[in-house]
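Structure file start-v1.txt; described as compact mmCIF, C-alpha atoms.
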# COMPACT_ATOMS: atom_id res chain seq x y z
CA MET A 646 4.14 -33.48 -13.11
CA ILE A 647 0.66 -32.03 -13.49
CA SER A 648 -1.32 -33.01 -10.45
CA LEU A 649 -5.05 -32.88 -10.18
CA SER A 650 -4.88 -33.31 -6.43
CA SER A 651 -3.67 -29.75 -5.87
CA PRO A 652 -5.68 -28.22 -3.02
CA THR A 653 -5.80 -24.84 -4.74
CA VAL A 654 -7.05 -23.42 -7.98
CA THR A 655 -4.05 -23.21 -10.28
CA VAL A 656 -4.16 -19.87 -12.05
CA PRO A 657 -2.76 -20.15 -15.60
CA ARG A 658 0.61 -18.49 -16.16
CA LYS A 659 -0.94 -16.53 -19.01
CA THR A 660 -3.19 -14.75 -16.49
CA TYR A 661 -0.16 -13.78 -14.40
CA LEU A 662 1.61 -12.52 -17.51
CA LEU A 663 -1.37 -10.39 -18.58
CA VAL A 664 -1.76 -8.97 -15.07
CA TRP A 665 1.96 -8.12 -14.95
CA ILE A 666 1.77 -6.34 -18.32
CA ALA A 667 -1.36 -4.47 -17.20
CA LEU A 668 0.34 -3.41 -13.95
CA LEU A 669 3.38 -2.05 -15.80
CA MET A 670 1.17 -0.26 -18.37
CA LEU A 671 -0.79 1.36 -15.53
CA LEU A 672 2.49 2.40 -13.90
CA LEU A 673 3.64 4.04 -17.15
CA LEU A 674 0.26 5.72 -17.53
CA ASN A 675 0.34 7.04 -13.98
CA TRP A 676 3.89 8.33 -14.40
CA GLY A 677 3.05 9.93 -17.75
CA LEU A 678 -0.12 11.63 -16.57
CA ALA A 679 1.71 13.05 -13.56
CA GLN A 680 4.01 14.97 -15.94
CA LEU A 681 1.07 16.77 -17.55
CA ASN A 682 -1.04 19.54 -16.10
CA LEU A 683 -4.56 18.22 -16.22
CA GLY A 684 -6.00 20.32 -13.43
CA ARG A 685 -8.18 18.40 -11.04
CA PHE A 686 -7.99 15.31 -13.24
CA ASN A 687 -4.39 14.83 -12.07
CA LEU A 688 -5.56 13.93 -8.58
CA VAL A 689 -8.30 11.66 -9.92
CA ALA A 690 -5.85 9.76 -12.15
CA THR A 691 -3.17 9.53 -9.48
CA LEU A 692 -5.63 7.88 -7.09
CA ALA A 693 -7.65 5.84 -9.62
CA ILE A 694 -4.65 4.08 -11.17
CA PRO A 695 -3.21 2.64 -7.91
CA THR A 696 -6.75 1.56 -7.04
CA ALA A 697 -6.94 -0.39 -10.29
CA GLN A 698 -3.48 -1.87 -9.68
CA MET A 699 -4.47 -2.84 -6.16
CA PHE A 700 -7.59 -4.63 -7.38
CA LEU A 701 -5.61 -6.52 -10.04
CA MET A 702 -3.05 -7.64 -7.46
CA ILE A 703 -5.55 -8.59 -4.77
CA PHE A 704 -7.96 -10.43 -7.05
CA TYR A 705 -5.54 -12.22 -9.37
CA LEU A 706 -2.08 -12.37 -7.78
CA MET A 707 -3.42 -12.85 -4.25
CA HIS A 708 -6.12 -15.23 -5.54
CA VAL A 709 -9.03 -13.50 -3.77
CA ARG A 710 -11.09 -14.05 -6.91
CA TYR A 711 -10.70 -17.79 -6.39
CA ASN A 712 -11.06 -17.80 -2.59
CA PRO A 713 -14.15 -18.96 -0.69
CA PRO A 714 -16.61 -16.33 0.61
CA LEU A 715 -15.30 -16.47 4.19
CA THR A 716 -11.83 -15.41 3.08
CA ARG A 717 -13.30 -12.62 0.96
CA VAL A 718 -15.23 -11.32 3.96
CA PHE A 719 -11.98 -11.15 5.97
CA VAL A 720 -10.24 -9.33 3.11
CA ALA A 721 -13.09 -6.85 2.80
CA ALA A 722 -13.20 -6.34 6.57
CA GLY A 723 -9.58 -5.16 6.64
CA PHE A 724 -10.30 -2.49 4.06
CA ILE A 725 -13.67 -1.51 5.55
CA TRP A 726 -12.04 -0.80 8.92
CA PHE A 727 -9.46 1.32 7.11
CA VAL A 728 -12.24 3.29 5.40
CA ILE A 729 -13.94 3.82 8.77
CA LEU A 730 -10.64 5.07 10.20
CA ILE A 731 -10.28 7.61 7.37
CA ASP A 732 -13.94 8.55 7.26
CA LEU A 733 -14.49 9.28 10.94
CA THR A 734 -11.22 11.18 11.30
CA LEU A 735 -11.84 13.33 8.24
CA SER A 736 -15.38 14.04 9.37
CA ASP A 737 -13.65 16.03 12.11
CA TYR A 738 -10.73 17.64 10.26
CA LEU A 739 -12.58 18.50 7.04
CA THR A 740 -15.49 20.18 8.80
CA ARG A 741 -13.50 22.35 11.20
CA GLY A 742 -14.54 25.93 10.50
CA ASP A 743 -17.74 24.95 8.73
CA VAL A 744 -19.73 25.57 11.87
CA PRO A 745 -19.27 29.22 12.90
CA GLY A 746 -18.09 29.56 16.44
CA MET A 747 -16.93 25.98 16.83
CA PHE A 748 -13.22 25.46 17.50
CA ARG A 749 -12.59 29.20 17.40
CA LYS A 750 -10.93 28.96 20.78
CA SER A 751 -8.45 26.34 19.60
CA TRP A 752 -7.47 28.56 16.64
CA GLU A 753 -6.83 31.48 18.95
CA HIS A 754 -4.50 29.35 21.00
CA GLY A 755 -2.73 28.20 17.86
CA THR A 756 -3.39 24.50 18.30
CA TRP A 757 -4.70 24.25 14.74
CA PRO A 758 -3.93 26.41 11.68
CA ALA A 759 -5.92 29.59 11.43
CA PRO A 760 -8.86 29.52 9.01
CA VAL A 761 -8.20 30.66 5.47
CA LYS A 762 -10.72 33.47 5.69
CA GLU A 763 -12.24 35.23 8.61
CA LEU A 764 -15.56 33.87 9.69
CA PRO A 765 -18.45 36.24 9.00
CA ASP A 766 -20.29 37.49 12.01
CA LEU A 767 -23.37 35.52 12.75
CA PRO A 768 -26.63 37.19 11.76
CA PRO A 769 -28.83 38.07 14.72
CA ALA A 770 -30.83 35.12 15.88
CA PRO A 771 -34.28 35.12 14.28
CA THR A 772 -37.06 35.92 16.68
CA PRO A 773 -39.34 32.92 17.21
CA LYS A 774 -42.56 33.24 15.27
CA SER A 775 -45.64 33.71 17.39
CA SER A 776 -47.76 31.29 15.37
CA SER A 777 -45.93 27.98 15.45
CA LYS A 778 -47.22 24.49 14.92
CA ALA A 779 -47.02 23.83 18.61
CA SER A 780 -49.80 26.32 19.26
CA GLN A 781 -52.21 24.55 16.97
CA MET B 1481 7.96 -36.45 0.11
CA ALA B 1482 4.93 -37.02 2.29
CA ASN B 1483 6.74 -36.88 5.60
CA SER B 1484 5.27 -35.65 8.88
CA ALA B 1485 5.88 -31.99 8.01
CA THR B 1486 3.85 -32.17 4.81
CA ALA B 1487 0.93 -34.26 6.02
CA VAL B 1488 -2.43 -32.76 6.88
CA ALA B 1489 -2.40 -31.52 10.47
CA GLU B 1490 -4.69 -33.53 12.70
CA GLN B 1491 -7.21 -30.71 13.29
CA PHE B 1492 -8.03 -30.54 9.56
CA ASP B 1493 -10.07 -32.90 7.41
CA ASP B 1494 -8.04 -32.42 4.27
CA MET B 1495 -5.47 -30.20 2.56
CA PRO B 1496 -7.91 -27.70 0.99
CA GLN B 1497 -9.36 -27.02 4.44
CA GLN B 1498 -5.89 -26.59 5.91
CA LEU B 1499 -4.94 -24.17 3.15
CA GLU B 1500 -8.16 -22.22 3.62
CA ALA B 1501 -7.40 -21.83 7.32
CA ALA B 1502 -3.83 -20.74 6.58
CA THR B 1503 -5.03 -18.21 4.00
CA LEU B 1504 -7.62 -16.86 6.41
CA GLY B 1505 -4.99 -16.49 9.12
CA MET B 1506 -2.66 -14.62 6.77
CA TRP B 1507 -5.43 -12.25 5.70
CA THR B 1508 -6.28 -11.59 9.34
CA PHE B 1509 -2.66 -10.57 9.88
CA LEU B 1510 -2.72 -8.48 6.70
CA ALA B 1511 -5.86 -6.69 7.96
CA THR B 1512 -3.82 -5.52 10.97
CA GLU B 1513 -1.11 -4.44 8.54
CA ILE B 1514 -3.67 -2.40 6.58
CA LEU B 1515 -4.47 -0.52 9.79
CA PHE B 1516 -0.77 -0.21 10.65
CA PHE B 1517 -0.01 1.53 7.37
CA GLY B 1518 -3.50 3.05 7.43
CA ALA B 1519 -2.61 5.29 10.35
CA LEU B 1520 0.31 6.67 8.34
CA PHE B 1521 -1.84 7.14 5.24
CA LEU B 1522 -4.37 8.95 7.42
CA ALA B 1523 -1.70 11.29 8.79
CA TYR B 1524 -0.63 11.96 5.21
CA ILE B 1525 -4.18 12.81 4.11
CA VAL B 1526 -4.82 15.14 7.07
CA TYR B 1527 -1.55 17.08 6.69
CA ARG B 1528 -1.69 17.20 2.90
CA HIS B 1529 -5.15 18.72 3.26
CA THR B 1530 -3.94 21.19 5.90
CA TYR B 1531 -0.75 22.32 4.10
CA PRO B 1532 -1.38 21.65 0.37
CA GLN B 1533 1.23 24.10 -0.91
CA ALA B 1534 4.01 22.92 1.40
CA PHE B 1535 3.30 19.30 0.41
CA ALA B 1536 3.22 20.15 -3.30
CA ASP B 1537 6.58 21.92 -2.99
CA ALA B 1538 8.08 19.03 -1.04
CA SER B 1539 6.88 16.27 -3.39
CA ARG B 1540 8.62 17.99 -6.32
CA HIS B 1541 11.93 17.30 -4.56
CA THR B 1542 11.37 13.54 -4.48
CA LYS B 1543 13.38 11.42 -6.92
CA ILE B 1544 10.72 10.23 -9.36
CA ILE B 1545 13.19 8.18 -11.43
CA HIS B 1546 14.16 6.09 -8.40
CA GLY B 1547 10.51 5.73 -7.40
CA THR B 1548 9.35 4.64 -10.86
CA ILE B 1549 12.18 2.11 -11.30
CA ASN B 1550 11.44 0.72 -7.84
CA THR B 1551 7.73 0.35 -8.63
CA ALA B 1552 8.56 -1.56 -11.81
CA LEU B 1553 10.99 -3.77 -9.86
CA LEU B 1554 8.39 -4.64 -7.23
CA LEU B 1555 5.61 -5.28 -9.77
CA THR B 1556 7.98 -7.62 -11.62
CA SER B 1557 8.91 -9.36 -8.36
CA SER B 1558 5.21 -10.00 -7.74
CA PHE B 1559 5.03 -11.58 -11.21
CA THR B 1560 7.98 -13.90 -10.49
CA MET B 1561 6.48 -14.72 -7.06
CA SER B 1562 3.24 -15.73 -8.80
CA LEU B 1563 5.20 -17.91 -11.24
CA GLY B 1564 6.85 -19.50 -8.21
CA ILE B 1565 3.45 -20.25 -6.71
CA HIS B 1566 2.38 -21.76 -10.02
CA ALA B 1567 5.50 -23.95 -10.05
CA SER B 1568 4.89 -25.08 -6.47
CA GLN B 1569 1.30 -26.03 -7.31
CA ARG B 1570 2.70 -28.29 -10.01
CA GLY B 1571 5.19 -29.76 -7.56
CA ARG B 1572 8.24 -28.33 -9.31
CA ASN B 1573 10.61 -27.53 -6.48
CA ARG B 1574 13.57 -26.58 -8.69
CA ALA B 1575 11.52 -24.07 -10.68
CA LEU B 1576 10.05 -22.72 -7.43
CA LEU B 1577 13.55 -22.25 -6.02
CA GLY B 1578 14.61 -20.36 -9.15
CA PHE B 1579 11.61 -18.03 -9.10
CA LEU B 1580 12.05 -17.37 -5.37
CA LEU B 1581 15.71 -16.43 -5.90
CA VAL B 1582 14.75 -14.05 -8.73
CA THR B 1583 12.02 -12.53 -6.54
CA MET B 1584 14.46 -12.03 -3.66
CA PHE B 1585 17.02 -10.56 -6.06
CA LEU B 1586 14.45 -8.03 -7.33
CA GLY B 1587 13.63 -7.17 -3.72
CA CYS B 1588 17.32 -6.55 -3.04
CA CYS B 1589 17.52 -4.36 -6.17
CA PHE B 1590 14.62 -2.34 -4.77
CA LEU B 1591 16.50 -1.82 -1.51
CA ALA B 1592 19.66 -0.83 -3.38
CA VAL B 1593 17.81 1.80 -5.45
CA LYS B 1594 16.10 2.98 -2.28
CA GLY B 1595 19.49 3.33 -0.61
CA LEU B 1596 20.80 5.46 -3.48
CA GLU B 1597 17.67 7.59 -3.24
CA TYR B 1598 18.07 8.02 0.53
CA LYS B 1599 21.69 9.00 -0.02
CA SER B 1600 20.82 11.82 -2.41
CA ASP B 1601 17.90 12.91 -0.16
CA ILE B 1602 20.30 13.21 2.78
CA HIS B 1603 22.79 15.00 0.55
CA GLU B 1604 20.10 17.63 -0.17
CA HIS B 1605 19.28 17.86 3.57
CA LEU B 1606 15.71 16.71 2.96
CA VAL B 1607 15.52 15.51 6.54
CA PRO B 1608 13.29 17.26 9.10
CA GLY B 1609 15.31 19.10 11.67
CA ARG B 1610 17.85 21.87 12.09
CA HIS B 1611 19.56 21.42 8.72
CA PHE B 1612 16.38 21.36 6.65
CA PRO B 1613 16.71 23.88 3.75
CA HIS B 1614 15.48 27.31 4.88
CA GLU B 1615 14.10 28.22 1.45
CA MET B 1616 11.45 25.49 1.72
CA PRO B 1617 8.22 25.99 3.69
CA VAL B 1618 8.57 24.92 7.31
CA GLN B 1619 5.53 22.65 7.00
CA SER B 1620 7.09 20.63 4.18
CA GLN B 1621 9.15 19.00 6.93
CA ILE B 1622 5.94 17.14 7.80
CA PHE B 1623 5.97 15.69 4.29
CA TRP B 1624 9.57 14.57 4.72
CA PHE B 1625 8.86 13.14 8.13
CA LEU B 1626 6.08 11.03 6.58
CA TYR B 1627 8.33 10.17 3.62
CA TRP B 1628 11.05 8.74 5.85
CA ILE B 1629 8.75 6.84 8.19
CA MET B 1630 6.50 5.42 5.46
CA THR B 1631 9.23 4.34 3.05
CA GLY B 1632 11.38 3.20 5.99
CA VAL B 1633 8.67 1.03 7.49
CA HIS B 1634 7.87 -0.33 4.02
CA SER B 1635 11.53 -1.24 3.50
CA VAL B 1636 11.56 -3.05 6.85
CA HIS B 1637 8.56 -5.05 5.64
CA LEU B 1638 10.38 -5.82 2.40
CA ILE B 1639 13.47 -7.01 4.30
CA ALA B 1640 11.19 -9.26 6.37
CA GLY B 1641 9.67 -10.55 3.11
CA ILE B 1642 13.11 -11.36 1.70
CA GLY B 1643 13.92 -13.24 4.91
CA LEU B 1644 10.63 -15.12 4.66
CA LEU B 1645 11.29 -16.10 1.04
CA ALA B 1646 14.80 -17.21 2.02
CA VAL B 1647 13.25 -19.73 4.42
CA ILE B 1648 10.80 -20.88 1.73
CA ALA B 1649 13.65 -21.17 -0.79
CA TRP B 1650 15.63 -23.27 1.69
CA MET B 1651 12.59 -25.54 2.14
CA ALA B 1652 12.14 -25.76 -1.66
CA ALA B 1653 15.80 -26.71 -2.06
CA ARG B 1654 15.19 -29.57 0.39
CA GLU B 1655 12.19 -30.76 -1.67
CA ARG B 1656 9.78 -30.01 1.16
CA PHE B 1657 6.90 -29.02 -1.13
CA SER B 1658 4.76 -31.03 -3.50
CA ALA B 1659 1.71 -30.58 -5.67
CA HIS B 1660 -0.20 -31.75 -2.61
CA TYR B 1661 1.48 -29.55 0.01
CA HIS B 1662 2.66 -26.00 -0.69
CA ASN B 1663 0.72 -23.89 1.81
CA PRO B 1664 3.79 -21.98 3.10
CA VAL B 1665 4.59 -20.84 -0.45
CA ILE B 1666 1.08 -19.50 -1.02
CA VAL B 1667 0.87 -17.76 2.35
CA SER B 1668 4.33 -16.16 1.93
CA GLY B 1669 3.26 -15.03 -1.53
CA LEU B 1670 0.28 -13.22 0.01
CA TYR B 1671 2.66 -11.28 2.26
CA TRP B 1672 4.99 -10.41 -0.62
CA HIS B 1673 2.13 -9.17 -2.83
CA PHE B 1674 0.73 -7.14 0.06
CA VAL B 1675 4.02 -5.28 0.55
CA ASP B 1676 3.85 -4.55 -3.18
CA VAL B 1677 0.28 -3.17 -2.88
CA ILE B 1678 1.45 -0.80 -0.13
CA TRP B 1679 4.30 0.43 -2.32
CA VAL B 1680 2.00 1.17 -5.28
CA TRP B 1681 0.11 3.58 -3.00
CA LEU B 1682 3.28 5.09 -1.56
CA TYR B 1683 4.54 5.69 -5.10
CA ALA B 1684 1.37 7.56 -6.07
CA LEU B 1685 1.15 9.60 -2.86
CA ILE B 1686 4.82 10.50 -2.47
CA TYR B 1687 6.09 10.92 -6.01
CA LEU B 1688 3.15 11.71 -8.26
CA ILE B 1689 0.63 14.06 -6.62
CA ASN B 1690 1.16 17.71 -7.67
CA ARG B 1691 4.18 16.70 -9.74
CA HIS B 1692 3.56 18.79 -12.86
Translate this structure into structure tokens?
Amino acid sequence: MISLSSPTVTVPRKTYLLVWIALLMLLLLNWGLAQLNLGRFNLVATLAIPTAQMFLMIFYLMHVRYNPPLTRVFVAAGFIWFVILIDLTLSDYLTRGDVPGMFRKSWEHGTWPAPVKELPDLPPAPTPKSSSKASQ
Amino acid sequence: MANSATAVAEQFDDMPQQLEAATLGMWTFLATEILFFGALFLAYIVYRHTYPQAFADASRHTKIIHGTINTALLLTSSFTMSLGIHASQRGRNRALLGFLLVTMFLGCCFLAVKGLEYKSDIHEHLVPGRHFPHEMPVQSQIFWFLYWIMTGVHSVHLIAGIGLLAVIAWMAARERFSAHYHNPVIVSGLYWHFVDVIWVWLYALIYLINRH
């Protein structure tokens, strides 16, 4: 029943088997590491292992490795928009409080959690130097 | 076997081109799905960053045994789905039907385990609202809100996937696919694997972070 007229690349069953074993091993590894206290490495492992599993599934099970470039661009675009979504939103949330004075009003009104530590008072604004480059 | 339903549609030159278009269309849909789940993942990241202790406390109450078994079930279902795709590429409709039924069965097992997990979560009042345990931080309700919506929406996707595979299995039983034409099998497989990819992330974010 083997047909050479198949419109797709037929991935060998051995590849699927190896990917499946790798996925289960990574699952066991992720579960095992989560039981241990590894400090900051816990977070790294917990995020790195699903990333590896995702790549295995997308490239081999979902055949992106064998797809033409146009399809790959569409696949990448979906994830790139997701990264933009995360990146631009976090550029707001993660920097709140980094700039003294910004957002202080919203904290006072309780619309966002109070900062962990009180902001230090701003040093007095430096007096502009008399001899600046503009005068030259 | 080459009836009107399995012939190349008139807008395509040949079957590889038709399959490429179908694959591209499915990935376009999946890109919208990435953003659909992406908004929930984003909410998770923002609130986990804002209330790290409350989230750490809450995630220790999740049922890691259920979650781990379910991950293994879904990964295995992706394997059987891939074997089904392999069978369909060789024109073996009977083998395809068998693999699809196993895949659907594993999906149903996932839902059953999930149901047991939900039952014990509800039993422990791990539901945001008036009856949420008072000894837990108030903000950990945000974790449980995200837990219910993310796993719930994922389960809805899985139910849709089982329905989709049921249609494909029915078509396979009627010998509708051949080594020449099996585009619906491949495109449905993409959807099934995608739901699996989402779960792998849910498993890590809900059950594993700050577990120790």
- Message: If I take CA of Pro1613 (chain B) and CA of Ile1689 (chain B), how far is one from the other in Å, to one decimal?
- Response: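 Calculated distance between CA of Pro1613 (chain B) and CA of Ile1689 (chain B) is 21.5 Å.
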Using 3 Å of padding on each side, determine the axis-aligned box around all atoms of region 1499-1502 of chain B present in the file and give its centre and edge lengths in Å to one decimal, as JSON.
{"center_x": -6.0, "center_y": -22.5, "center_z": 5.2, "size_x": 10.3, "size_y": 9.4, "size_z": 10.2}
- Message: Applying 7 Å and all atoms listed in the file, which residues near region 1501-1516 of chain B remain after dropping the ones on its own chain fewer than 3 positions away? List them as a PyMOL selection string.
- Response: (chain A and resi 716+719-720+723+727) or (chain B and resi 1497-1498+1519+1667)
- Of the residues A:Val728, A:Phe700, A:Met707, A:Leu671, which is the one nearest to chain B, using only C-alpha atoms? A:Met707
- Message: Could you work out which residues of chain B fall inside 7 Å of chain A? Count all atoms listed in the file, and format the result as a VMD selection string.
- Response: chain B and resid 1495 to 1496 1504 1507 to 1508 1511 1514 to 1515 1518 1522 1552 1555 to 1556 1559 1562 to 1563 1566 1569 to 1571 1659 to 1660 1670 1673 1677 1680 to 1681 1684 1688 to 1689 1691 to 1692
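Taking only C-alpha atoms into account, Asn1573 (chain B) lies nearest to B:Tyr1661 out of the set B:Phe1590, B:Phe1612, B:Tyr1661, B:Phe1535.
Note that the spacing between CA of Met1561 (chain B) and CA of Ala1653 (chain B) amounts to 16.0 Å.
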- Message: Could you list, as a list in words, every residue within 8 Å of Ile1686 (chain B), counting only C-alpha atoms and ignoring same-chain residues fewer than 6 positions away?
- Response: Ser1539, Thr1542 and Tyr1627 of chain B
- Item | Close residues, Val1582 (chain B) itself excluded, 10 Å, all atoms listed in the file, min 5 positions apart in chain, as a VMD selection string | chain B and resid 1556 to 1557 1560 to 1561 1564 1576 to 1577 1587 to 1588
- Task: Select, counting only C-alpha atoms, all protein, DNA and RNA residues no farther than 9 Å from (11.1, -13.2, -4.5) in file coordinates, and express the selection as a PyMOL selection string.
- Result: chain B and resi 1557-1558+1560-1561+1564+1579-1587+1641-1642+1645-1646+1669+1672
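When only C-alpha atoms are used to measure the gap to Glu1655 (chain B), the shortest distance among B:Ala1575, B:Thr1548, B:Asp1537, B:Arg1528 belongs to B:Ala1575.
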- Any idea what the distance is between CA of Met1630 (chain B) and CA of His1529 (chain B)?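 CA of His1529 (chain B) lies 17.8 Å from CA of Met1630 (chain B).
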